[in-house]
Amino acid sequence: MFTKILIANRGEIAIRIMRACKELGIQTVAVYSEADQSALHVQYADEAIFLGPAVAGQSYLDMEKIIEAAQQTNAEAIHPGYGFLSENASFAAAVSAAGLVFVGPSAESIRLMGDKAQSKIRMKEAGVPTVPGMEGIEDREDLAKAAREIGYPVLLKAAAGGGGKGMRVLNAEDELSEAIESVRREALSAFGDERVLIEKYIPQAHHIEFQIFGDQQGNLVHLFERECSVQRRHQKIIEEAPSPLLTPALRETMGEYAIRAARAVNYFNAGTVEFIFDPEHSSFYFLEMNTRLQVEHPITEIVTGVDLVHWQIRVAAGEPFPFSQSQLSQRGHAIECRVYAEDPQNGFLPSTGKLLQYIEPVGPGIRLDSGVAAGDQVTHFYDPLLAKLIVQAESRELTIQRLQTALQVFIVHGVVTNMDFLQMVVSHPDFAAGNVSTRWVEDHLMPGNLSPSKKDPIPAFHVIAAALAETTLLDQSSSFENRNQPDPYSPWKTASGFRLGGSNGQSLP
Amino acid sequence: MRLTLEHKAETISIELTPSGKYYRARIGEQTFEVEVRRARAGTLELLIDGKRITAYVSAEQARRWVSIDGHTVMLTRTSGARRGGQAGHPPAGVLTAPMPGQVRVVNVSEGEAVTPGQTLLVLEAMKMEIRVQAPMGGVVKKLLVKQGQTVDREQLLVEIVDMPQQ
C-alpha cells in the first residue's frame with residue numbers, strides 16, 4: 001500500500017480523495033494555486049505544494065510542476081480526481097515514466113476512449129450498440145449525404161470533444177454549412193482538433209451511465225447505473241441511482257455491454273460507460289466512456305455500499321477488487337444535487353464573493369461532499385461547484401422528500417446559488433414521474449420561468465429581519481473567523497508565505 | 001428607525017419603532033409586532049405577530065442576505081434611517097443594545113484603538129451572552145455604559161469613529 005499520495009486537484013474532490021487516503025493510513029500532499037491559498041483542501045492535507053498563478057494552465061494543468069511536487073515530497077502515487085488532467089493520456093504516461101503510480105486506468109485506455117470517433121469505431125467492432133452515425137468524414141457533401149441517410153434531426157459534434165462542448169443539433173440540410181463552421185471553430189479552440197462526426201439525434205433521450213470497475217488482475221464488473229438526465233447545456237445538475245426507467249432485464253443487458261466496452265480497451269480502475277437511452281423504443285446506444293472517477297460517484301457508493309475511491313487506491317496499489325458481479329446489488333435510492341455558485345435568474349452566470357454564512361444540512365441519509373466552508377472566497381477561476389448534496393432513503397419518493405427538506409435548510413450567503421432552481425426541479429411532477437429527458441431543463445424551465453421580469457413581492461418577514469439586523473448583527477465581511485479547520489494555529493492559515501519546498505519569492509516588508 | 005431596501009428593481013421601506021417589549025414594524029400599509037427572542041452571529045430568532053421565525057442574516061457592506069424557511073433573498077440597503085426625530089437611528093458606529101439586559105464585561109476604554117470584529121462589550125440578556133463587536137476599525141470615542149449596568153433595548157452603548165488621519 002502507498003505511504004503517500006499527491007492529489008492533483010482541488011475543491012471537493014481533492015478533499016474526498018484525501019479523506020479516503022486518511023482512512024487508509026496514507027499521507028496526503030495537496031497542490032494549490034494562488035487563488036486557493038486558504039482553501040479547505042490545502043488545509044486538509046498533510047503537506048501542500050504551491051504550483052503557481054490561479055490560471056489552471058499555470059497550476060492545476062501544469063504536468064511538470066505536479067510531477068515535480070510528487071517527487072519532492074516522495075509521494076508514490078498521483079490521484080488526478082476528475083477534470084483537469086484526469087483524462088490526459090500524456091499526463092498518465094508521464095506519471096508512470098517518472099516512476100510514480102497513476103491512480104486510474106492505463107494511459108493507453110485513456111487515449112483510446114478520449115478520441116470520440118476512435119472509441120465509437122472500437123465499440124462497433126466490439127459489438128456494442130452505438131448511435132447511428134458516421135465518423136471520419138469531413139467533406140460537406142459527404143456530411144450532407146450521411147445526414148440524409150441517418151435522417152434528421154442529426155447531431156454534429158467534435159470528434160475530440162466531450163463534456164457537452166462542440167455540439168450542434170441540425171433539423172434540416174440548410175443548417176449544415178453554418179453548423180460545420182461553428183462546430184469546427186469551437187472544437188479547435190476547446191480541444192485543438194477540428195475533426196467532426198455526425199450522428200442521429202434522439203430528442204427525448206435520457207442519459208444513463210454505468211459505473212465500471214476493474215483491477216489489474218483482469219477482473220471487470222459494473223456497479224450498475226446512474227440516471228443523469230437533468231442537464232443544462234450538457235452539464236449535469238441532478239443525478240440519481242437507480243434509474244426509474246430501467247427494468248431488471250434492461251439493466252442486465254446494458255451492464256453487460258458496459259463491461260464489453262471496458263474490456264475492449266483492457267480497462268482497469270474506475271470508469272463510466274455513458275449511454276443514450278431512448279424511452280420510446282427502450283433502446284440504448286453507447287455515447288462515450290469516461291476514463292476517470294465521475295463527479296456523481298457518491299450515489300453509486302451509497303446504493304451499492306462500495307467506497308469507490310478506496311478501491312481506486314487499493315487497486316492502483318495492486319490489490320484485487322474483491323466483489324464479483326453476483327455479489328453486487330443496488331439497495332434503496334440516492335439522488336445528488338450539484339450546488340453551484342451561479343445565478344439562474346441571470347443566465348446561470350457564475351456568482352463570486354465571500355461565503356458569509358455556509359450551513360450544511362445534517363441528518364440521517366444526508367451526505368455532503370463539499371469543497372468550501374464559511375468564510376471562503378468563491379472566485380471565477382474554477383468551476384463554481386460549491387458542494388454536492390447527496391441524499392438517500394429506502395424509496396425514490398422518500399428520497400425526493402428528504403432532498404426537498406435538506407435543500408430548505410441549506411444556508412448559503414454571500415454568493416447566489418442554484419438552490420431555488422434545484423428545489424423547483426425536484427418538486428416538479430415530471431421529476432416525480434421520471435419523465436425528465438436531457439432536453440427537459442431547456443424546454444420547460446428556461447423560457448419565462450426564470451426570467452427577472454417575473455416579480456415576486458419582496459417578502460415582509462425578510463425585510464423585518466434585515467432591518468433588525470442593523471442593530472443586532474454586524475458586518476460579517478470583516479469579523480468572520482475562518483472556520484476551515486479545528487486547528488486555528490495551523491501553519492497553512494498564516495499569510496507568512498510558509499511553503500514546503502520550492503522557492504517563495506516574497507521579500508519581507 | 002427607518003430603512004429602505006432594494007430587491008432587484010424594487011424598493012421597499014420599513015419603519016421600526018420600539019414599543020415596550022416589542023418592535024412595531026411598518027411596511028407600507030402592513031404593521032407587524034416583532035419580538036427578538038434571540039440574536040447571535042448570523043441568526044435571529046423572532047416572534048412576528050406571535051409566529052416563531054428563525055432568520056439567518058448576513059451583511060456585507062450594503063448587502064443583506066436573509067434566509068427564512070428555505071427562501072433566501074439578497075437585499076441592498078439603499079438608505080439608512082433619518083437622523084434626529086423621535087424614532088432616530090443612531091449614526092453608524094454607535095452601537096446599541098438589541099434587547100434589555102446587563103453589561104457583563106467592558107473590554108475597552110475611551111481613546112483605545114479597536115480592530116474590526118473586536119469584542120467591545122459583553123451583554124447578558126435572557127440567559128444568553130451577546131458580544132457587541134466593532135463594525136469597523138477605529139477608535140472608541142465614547143463609552144456610554146459601565147460594567148454591571150442594566151440597559152434597555154436600543155440604549156446607546158459605545159461609539160466608534162474612524163482613526164484620525166496621521
# chains A, B, ... in the order shown; residues from 1 in each chain; ligands from 1
>>> interface_residues(of="chain B", to="chain A", cutoff="6 Å", atoms="only C-alpha atoms", output="tab-separated table (two decimals) with N, CA and C atoms, in the first residue's frame")
chain	number	residue	atom	x	y	z
B	59	ALA	N	-24.46	40.23	6.53
B	59	ALA	CA	-24.29	41.57	5.98
B	59	ALA	C	-22.90	41.74	5.41
B	60	GLU	N	-22.80	42.38	4.30
B	60	GLU	CA	-21.50	42.72	3.70
B	60	GLU	C	-21.70	44.05	3.01
B	65	TRP	N	-28.15	39.47	3.22
B	65	TRP	CA	-28.67	38.18	2.80
B	65	TRP	C	-29.59	37.67	3.89
B	66	VAL	N	-30.79	37.28	3.53
B	66	VAL	CA	-31.74	36.80	4.55
B	66	VAL	C	-32.34	35.47	4.09
B	70	GLY	N	-36.11	28.34	4.16
B	70	GLY	CA	-35.55	27.83	2.92
B	70	GLY	C	-35.57	28.81	1.76
B	98	PRO	N	-29.46	45.26	21.68
B	98	PRO	CA	-30.56	44.68	20.91
B	98	PRO	C	-31.76	44.32	21.78
B	116	PRO	N	-11.61	45.72	13.42
B	116	PRO	CA	-12.94	45.23	13.02
B	116	PRO	C	-13.22	43.88	13.66
B	117	GLY	N	-14.40	43.72	14.22
B	117	GLY	CA	-14.77	42.44	14.82
B	117	GLY	C	-14.35	42.29	16.26
B	135	PRO	N	-17.92	47.29	14.30
B	135	PRO	CA	-18.25	47.07	12.89
B	135	PRO	C	-17.13	47.48	11.96
>>> residues_around(residues="Glu6 in chain B", least_positions_apart="2", cutoff="8 Å", atoms="only C-alpha atoms", output="list of chain:residue names")
B:Thr4, B:Lys8, B:Ala9, B:Glu10, B:Thr11, B:Ile12, B:Leu75, B:Thr76, B:Arg77, B:Thr78
>>> select_by_dssp(residues="range 18-246 of chain A", states="strand (DSSP E)", output="ChimeraX atom specification")
/A:27-33,47-52,77-79,101-102,133-135,154-158,167-170,196-200,206-214,220-232,235-241
>>> residues_around(residues="Glu301 in chain A", least_positions_apart="5", cutoff="12 Å", atoms="only C-alpha atoms", output="VMD selection string")
chain A and resid 211 223 to 226 240 to 242 293 to 296 306 to 311 328 to 336 367 390 to 392
>>> closest_residue(among="A:His222, A:His281, A:Arg168, A:Lys145", to="Ser324 in chain A", atoms="only C-alpha atoms")
A:His222
>>> closest_residue(among="A:Asp193, A:Val42, A:Glu141, A:Ser395", to="Asp115 in chain A", atoms="only C-alpha atoms")
A:Asp193
>>> atom_distance(atom1="CA of Leu155 in chain A", atom2="CA of Val230 in chain A")
19.3 Å
>>> residues_around(residues="Ala270 in chain A", least_positions_apart="2", cutoff="10 Å", atoms="only C-alpha atoms", output="short mmCIF file (atom, residue, chain, number, x, y, z; two decimals) with all heavy atoms, in the first residue's frame")
data_model
loop_
_atom_site.label_atom_id
_atom_site.label_comp_id
_atom_site.auth_asym_id
_atom_site.auth_seq_id
_atom_site.Cartn_x
_atom_site.Cartn_y
_atom_site.Cartn_z
N VAL A 103 -3.21 6.86 -10.30
CA VAL A 103 -4.39 6.18 -9.75
C VAL A 103 -5.52 6.32 -10.76
O VAL A 103 -6.29 7.29 -10.75
CB VAL A 103 -4.79 6.75 -8.37
CG1 VAL A 103 -6.01 6.01 -7.82
CG2 VAL A 103 -3.63 6.65 -7.39
N GLY A 104 -5.62 5.33 -11.62
CA GLY A 104 -6.59 5.37 -12.69
C GLY A 104 -6.24 4.28 -13.69
O GLY A 104 -5.44 3.39 -13.38
N PRO A 105 -6.82 4.33 -14.89
CA PRO A 105 -6.55 3.31 -15.89
C PRO A 105 -5.20 3.56 -16.58
O PRO A 105 -4.50 4.50 -16.23
CB PRO A 105 -7.70 3.50 -16.88
CG PRO A 105 -8.01 4.96 -16.79
CD PRO A 105 -7.75 5.38 -15.38
N GLN A 211 -21.38 2.51 -13.99
CA GLN A 211 -20.09 2.54 -13.31
C GLN A 211 -19.38 1.22 -13.56
O GLN A 211 -19.94 0.16 -13.32
CB GLN A 211 -20.29 2.74 -11.80
CG GLN A 211 -19.00 2.75 -10.99
CD GLN A 211 -18.15 3.98 -11.25
OE1 GLN A 211 -18.62 5.11 -11.18
NE2 GLN A 211 -16.89 3.77 -11.57
N ILE A 212 -18.15 1.35 -14.03
CA ILE A 212 -17.33 0.17 -14.31
C ILE A 212 -16.20 0.15 -13.29
O ILE A 212 -15.71 1.21 -12.90
CB ILE A 212 -16.72 0.34 -15.73
CG1 ILE A 212 -17.76 0.04 -16.76
CG2 ILE A 212 -15.51 -0.54 -15.96
CD1 ILE A 212 -18.14 -1.41 -16.82
N PHE A 213 -15.79 -1.05 -12.89
CA PHE A 213 -14.62 -1.13 -12.03
C PHE A 213 -13.80 -2.36 -12.37
O PHE A 213 -14.35 -3.47 -12.44
CB PHE A 213 -15.01 -1.14 -10.55
CG PHE A 213 -13.93 -0.55 -9.70
CD1 PHE A 213 -13.98 0.78 -9.33
CD2 PHE A 213 -12.83 -1.32 -9.33
CE1 PHE A 213 -12.94 1.35 -8.58
CE2 PHE A 213 -11.80 -0.75 -8.59
CZ PHE A 213 -11.86 0.58 -8.22
N GLY A 214 -12.51 -2.15 -12.59
CA GLY A 214 -11.63 -3.28 -12.91
C GLY A 214 -10.38 -3.24 -12.07
O GLY A 214 -9.99 -2.18 -11.57
N ASP A 215 -9.75 -4.39 -11.90
CA ASP A 215 -8.47 -4.40 -11.20
C ASP A 215 -7.37 -4.83 -12.17
O ASP A 215 -7.64 -5.17 -13.32
CB ASP A 215 -8.51 -5.29 -9.95
CG ASP A 215 -8.87 -6.73 -10.25
OD1 ASP A 215 -8.58 -7.21 -11.37
OD2 ASP A 215 -9.46 -7.38 -9.37
N LEU A 220 -13.33 -7.47 -14.06
CA LEU A 220 -14.05 -6.29 -14.51
C LEU A 220 -15.53 -6.49 -14.19
O LEU A 220 -16.14 -7.47 -14.61
CB LEU A 220 -13.84 -6.11 -16.01
CG LEU A 220 -14.15 -4.78 -16.67
CD1 LEU A 220 -13.42 -3.62 -16.00
CD2 LEU A 220 -13.76 -4.83 -18.13
N HIS A 222 -19.49 -4.25 -13.22
CA HIS A 222 -20.16 -2.95 -13.22
C HIS A 222 -20.89 -2.79 -11.89
O HIS A 222 -21.29 -3.79 -11.27
CB HIS A 222 -21.10 -2.79 -14.41
CG HIS A 222 -22.34 -3.65 -14.34
ND1 HIS A 222 -23.45 -3.31 -13.58
CD2 HIS A 222 -22.65 -4.80 -14.97
CE1 HIS A 222 -24.37 -4.24 -13.73
NE2 HIS A 222 -23.92 -5.16 -14.56
N TYR A 267 -9.58 -2.23 -19.78
CA TYR A 267 -9.73 -1.24 -18.73
C TYR A 267 -9.51 -1.78 -17.32
O TYR A 267 -9.87 -2.93 -17.02
CB TYR A 267 -11.13 -0.63 -18.81
CG TYR A 267 -11.21 0.73 -18.18
CD1 TYR A 267 -10.76 1.85 -18.86
CD2 TYR A 267 -11.70 0.88 -16.88
CE1 TYR A 267 -10.80 3.11 -18.28
CE2 TYR A 267 -11.75 2.14 -16.30
CZ TYR A 267 -11.28 3.24 -17.00
OH TYR A 267 -11.32 4.48 -16.42
N PHE A 268 -8.89 -0.97 -16.47
CA PHE A 268 -8.89 -1.27 -15.04
C PHE A 268 -9.03 0.04 -14.27
O PHE A 268 -8.89 1.11 -14.82
CB PHE A 268 -7.63 -2.06 -14.61
CG PHE A 268 -6.33 -1.36 -14.91
CD1 PHE A 268 -5.80 -0.40 -14.06
CD2 PHE A 268 -5.62 -1.68 -16.06
CE1 PHE A 268 -4.59 0.23 -14.34
CE2 PHE A 268 -4.42 -1.05 -16.35
CZ PHE A 268 -3.90 -0.09 -15.50
N THR A 272 -16.56 5.04 -16.40
CA THR A 272 -18.00 5.11 -16.62
C THR A 272 -18.33 5.02 -18.09
O THR A 272 -17.73 5.71 -18.91
CB THR A 272 -18.57 6.43 -16.04
OG1 THR A 272 -18.38 6.42 -14.63
CG2 THR A 272 -20.04 6.58 -16.36
N ASN A 290 -15.95 7.56 -19.96
CA ASN A 290 -15.12 8.47 -19.17
C ASN A 290 -14.14 7.65 -18.35
O ASN A 290 -14.54 6.82 -17.54
CB ASN A 290 -15.98 9.32 -18.24
CG ASN A 290 -16.87 10.25 -19.03
OD1 ASN A 290 -16.49 10.76 -20.07
ND2 ASN A 290 -18.08 10.45 -18.55
N THR A 291 -12.87 7.87 -18.62
CA THR A 291 -11.82 7.05 -18.03
C THR A 291 -11.29 7.65 -16.73
O THR A 291 -10.10 7.82 -16.53
CB THR A 291 -10.66 6.92 -19.05
OG1 THR A 291 -10.25 8.24 -19.43
CG2 THR A 291 -11.11 6.15 -20.27
N ARG A 292 -12.23 7.94 -15.85
CA ARG A 292 -11.88 8.58 -14.58
C ARG A 292 -13.01 8.39 -13.59
O ARG A 292 -14.04 7.82 -13.93
CB ARG A 292 -11.69 10.07 -14.81
CG ARG A 292 -12.94 10.70 -15.42
CD ARG A 292 -12.91 12.19 -15.49
NE ARG A 292 -13.91 12.71 -16.41
CZ ARG A 292 -15.18 12.89 -16.10
NH1 ARG A 292 -15.63 12.60 -14.92
NH2 ARG A 292 -16.02 13.36 -17.00
N LEU A 293 -12.83 8.89 -12.38
CA LEU A 293 -13.91 8.91 -11.39
C LEU A 293 -14.85 10.05 -11.78
O LEU A 293 -14.40 11.11 -12.19
CB LEU A 293 -13.30 9.17 -10.01
CG LEU A 293 -14.23 9.11 -8.81
CD1 LEU A 293 -14.65 7.67 -8.54
CD2 LEU A 293 -13.54 9.68 -7.58
N GLN A 294 -16.15 9.84 -11.65
CA GLN A 294 -17.11 10.89 -12.01
C GLN A 294 -17.49 11.74 -10.80
O GLN A 294 -17.45 11.27 -9.66
CB GLN A 294 -18.40 10.26 -12.55
CG GLN A 294 -18.22 9.35 -13.73
CD GLN A 294 -18.53 10.03 -15.03
OE1 GLN A 294 -17.62 10.38 -15.77
NE2 GLN A 294 -19.79 10.21 -15.32
N HIS A 297 -20.11 10.04 -8.48
CA HIS A 297 -19.81 8.70 -7.96
C HIS A 297 -20.47 8.39 -6.61
O HIS A 297 -20.78 7.24 -6.34
CB HIS A 297 -18.30 8.46 -7.88
CG HIS A 297 -17.63 9.20 -6.75
ND1 HIS A 297 -17.17 10.48 -6.88
CD2 HIS A 297 -17.38 8.84 -5.47
CE1 HIS A 297 -16.65 10.89 -5.73
NE2 HIS A 297 -16.77 9.91 -4.86
N LEU A 308 -15.82 3.73 -3.72
CA LEU A 308 -15.09 3.70 -4.99
C LEU A 308 -13.69 4.31 -4.88
O LEU A 308 -12.75 3.82 -5.51
CB LEU A 308 -15.89 4.43 -6.07
CG LEU A 308 -17.17 3.69 -6.49
CD1 LEU A 308 -18.05 4.58 -7.36
CD2 LEU A 308 -16.84 2.41 -7.23
N VAL A 309 -13.54 5.35 -4.11
CA VAL A 309 -12.23 5.99 -4.02
C VAL A 309 -11.24 5.08 -3.27
O VAL A 309 -10.09 4.94 -3.67
CB VAL A 309 -12.32 7.37 -3.35
CG1 VAL A 309 -10.95 8.04 -3.29
CG2 VAL A 309 -13.29 8.25 -4.13
N TRP A 311 -11.28 1.89 -3.32
CA TRP A 311 -10.89 0.82 -4.22
C TRP A 311 -10.03 1.31 -5.36
O TRP A 311 -9.18 0.57 -5.86
CB TRP A 311 -12.11 0.02 -4.69
CG TRP A 311 -12.55 -0.88 -3.58
CD1 TRP A 311 -13.65 -0.76 -2.79
CD2 TRP A 311 -11.80 -1.98 -3.05
NE1 TRP A 311 -13.64 -1.72 -1.82
CE2 TRP A 311 -12.53 -2.49 -1.94
CE3 TRP A 311 -10.59 -2.60 -3.41
CZ2 TRP A 311 -12.08 -3.58 -1.20
CZ3 TRP A 311 -10.14 -3.69 -2.67
CH2 TRP A 311 -10.89 -4.17 -1.58
N GLN A 312 -10.21 2.56 -5.75
CA GLN A 312 -9.31 3.11 -6.76
C GLN A 312 -7.87 3.04 -6.27
O GLN A 312 -6.95 2.65 -7.00
CB GLN A 312 -9.64 4.59 -7.03
CG GLN A 312 -10.75 4.84 -8.00
CD GLN A 312 -10.72 6.28 -8.46
OE1 GLN A 312 -10.93 7.21 -7.67
NE2 GLN A 312 -10.46 6.48 -9.73
N VAL A 315 -6.71 -0.74 -5.72
CA VAL A 315 -6.46 -1.42 -6.99
C VAL A 315 -5.18 -0.88 -7.64
O VAL A 315 -4.39 -1.62 -8.22
CB VAL A 315 -7.70 -1.27 -7.90
CG1 VAL A 315 -7.34 -1.26 -9.36
CG2 VAL A 315 -8.70 -2.36 -7.60
#
>>> residues_around(residues="Ile137 in chain A", least_positions_apart="6", cutoff="8 Å", atoms="only C-alpha atoms", output="ChimeraX atom specification")
/A:143,196-197
>>> residues_around(residues="Ile313 in chain A", least_positions_apart="4", cutoff="12 Å", atoms="only C-alpha atoms", output="PyMOL selection string")
chain A and resi 1-7+17-26+76-81+101-105+215-216+268-270+293+307-309+317-321
>>> atom_distance(atom1="CA of His207 in chain A", atom2="CA of Ala8 in chain A")
28.4 Å
>>> closest_residue(among="B:Ile160, B:Leu121, B:Ile68, B:Met1", to="Glu45 in chain B", atoms="only C-alpha atoms")
B:Ile68
>>> atom_distance(atom1="CA of Val128 in chain A", atom2="CA of Ser106 in chain A")
21.5 Å
>>> closest_residue(among="B:Gln118, B:Arg64, B:Ser79, B:Gly50", to="Ile14 in chain B", atoms="only C-alpha atoms")
B:Ser79
>>> select_by_dssp(residues="range 257-494 of chain A", states="alpha helix (DSSP H)", output="PyMOL selection string")
chain A and resi 257-263+297-304+308-316+396-409+419-426+429-432+440+460-472+476-479
>>> decode(residues="range 87-124 of chain B", atoms="C-alpha atoms", output="PDB file, in the first residue's frame")
ATOM      1  CA  ALA B  87     -37.524  57.335  16.073  1.00  0.00           C
ATOM      2  CA  GLY B  88     -33.968  58.478  15.392  1.00  0.00           C
ATOM      3  CA  HIS B  89     -31.456  55.861  14.438  1.00  0.00           C
ATOM      4  CA  PRO B  90     -28.034  56.477  15.930  1.00  0.00           C
ATOM      5  CA  PRO B  91     -25.239  57.285  13.484  1.00  0.00           C
ATOM      6  CA  ALA B  92     -23.210  54.400  12.119  1.00  0.00           C
ATOM      7  CA  GLY B  93     -20.525  53.498  14.631  1.00  0.00           C
ATOM      8  CA  VAL B  94     -22.827  53.920  17.595  1.00  0.00           C
ATOM      9  CA  LEU B  95     -23.757  50.535  18.889  1.00  0.00           C
ATOM     10  CA  THR B  96     -26.958  49.849  20.764  1.00  0.00           C
ATOM     11  CA  ALA B  97     -28.356  47.069  22.905  1.00  0.00           C
ATOM     12  CA  PRO B  98     -30.561  44.677  20.911  1.00  0.00           C
ATOM     13  CA  MET B  99     -32.643  43.826  23.941  1.00  0.00           C
ATOM     14  CA  PRO B 100     -32.815  44.705  27.622  1.00  0.00           C
ATOM     15  CA  GLY B 101     -30.005  43.197  29.650  1.00  0.00           C
ATOM     16  CA  GLN B 102     -26.955  43.768  31.746  1.00  0.00           C
ATOM     17  CA  VAL B 103     -23.442  44.805  30.831  1.00  0.00           C
ATOM     18  CA  ARG B 104     -21.268  41.917  31.949  1.00  0.00           C
ATOM     19  CA  VAL B 105     -17.855  42.904  30.605  1.00  0.00           C
ATOM     20  CA  VAL B 106     -16.404  46.065  29.170  1.00  0.00           C
ATOM     21  CA  ASN B 107     -13.266  45.280  27.197  1.00  0.00           C
ATOM     22  CA  VAL B 108     -12.221  48.729  26.027  1.00  0.00           C
ATOM     23  CA  SER B 109     -11.761  52.254  27.244  1.00  0.00           C
ATOM     24  CA  GLU B 110     -12.232  55.641  25.647  1.00  0.00           C
ATOM     25  CA  GLY B 111      -9.490  56.598  23.233  1.00  0.00           C
ATOM     26  CA  GLU B 112      -8.494  52.998  22.620  1.00  0.00           C
ATOM     27  CA  ALA B 113      -7.938  51.788  19.069  1.00  0.00           C
ATOM     28  CA  VAL B 114     -10.039  48.823  18.006  1.00  0.00           C
ATOM     29  CA  THR B 115      -9.962  46.400  15.074  1.00  0.00           C
ATOM     30  CA  PRO B 116     -12.945  45.232  13.021  1.00  0.00           C
ATOM     31  CA  GLY B 117     -14.771  42.441  14.817  1.00  0.00           C
ATOM     32  CA  GLN B 118     -13.139  43.119  18.143  1.00  0.00           C
ATOM     33  CA  THR B 119     -15.460  42.394  21.062  1.00  0.00           C
ATOM     34  CA  LEU B 120     -16.033  45.687  22.867  1.00  0.00           C
ATOM     35  CA  LEU B 121     -18.672  44.691  25.380  1.00  0.00           C
ATOM     36  CA  VAL B 122     -20.431  41.583  26.517  1.00  0.00           C
ATOM     37  CA  LEU B 123     -24.082  41.853  27.489  1.00  0.00           C
ATOM     38  CA  GLU B 124     -26.173  39.275  29.193  1.00  0.00           C
TER      39      GLU B 124
END
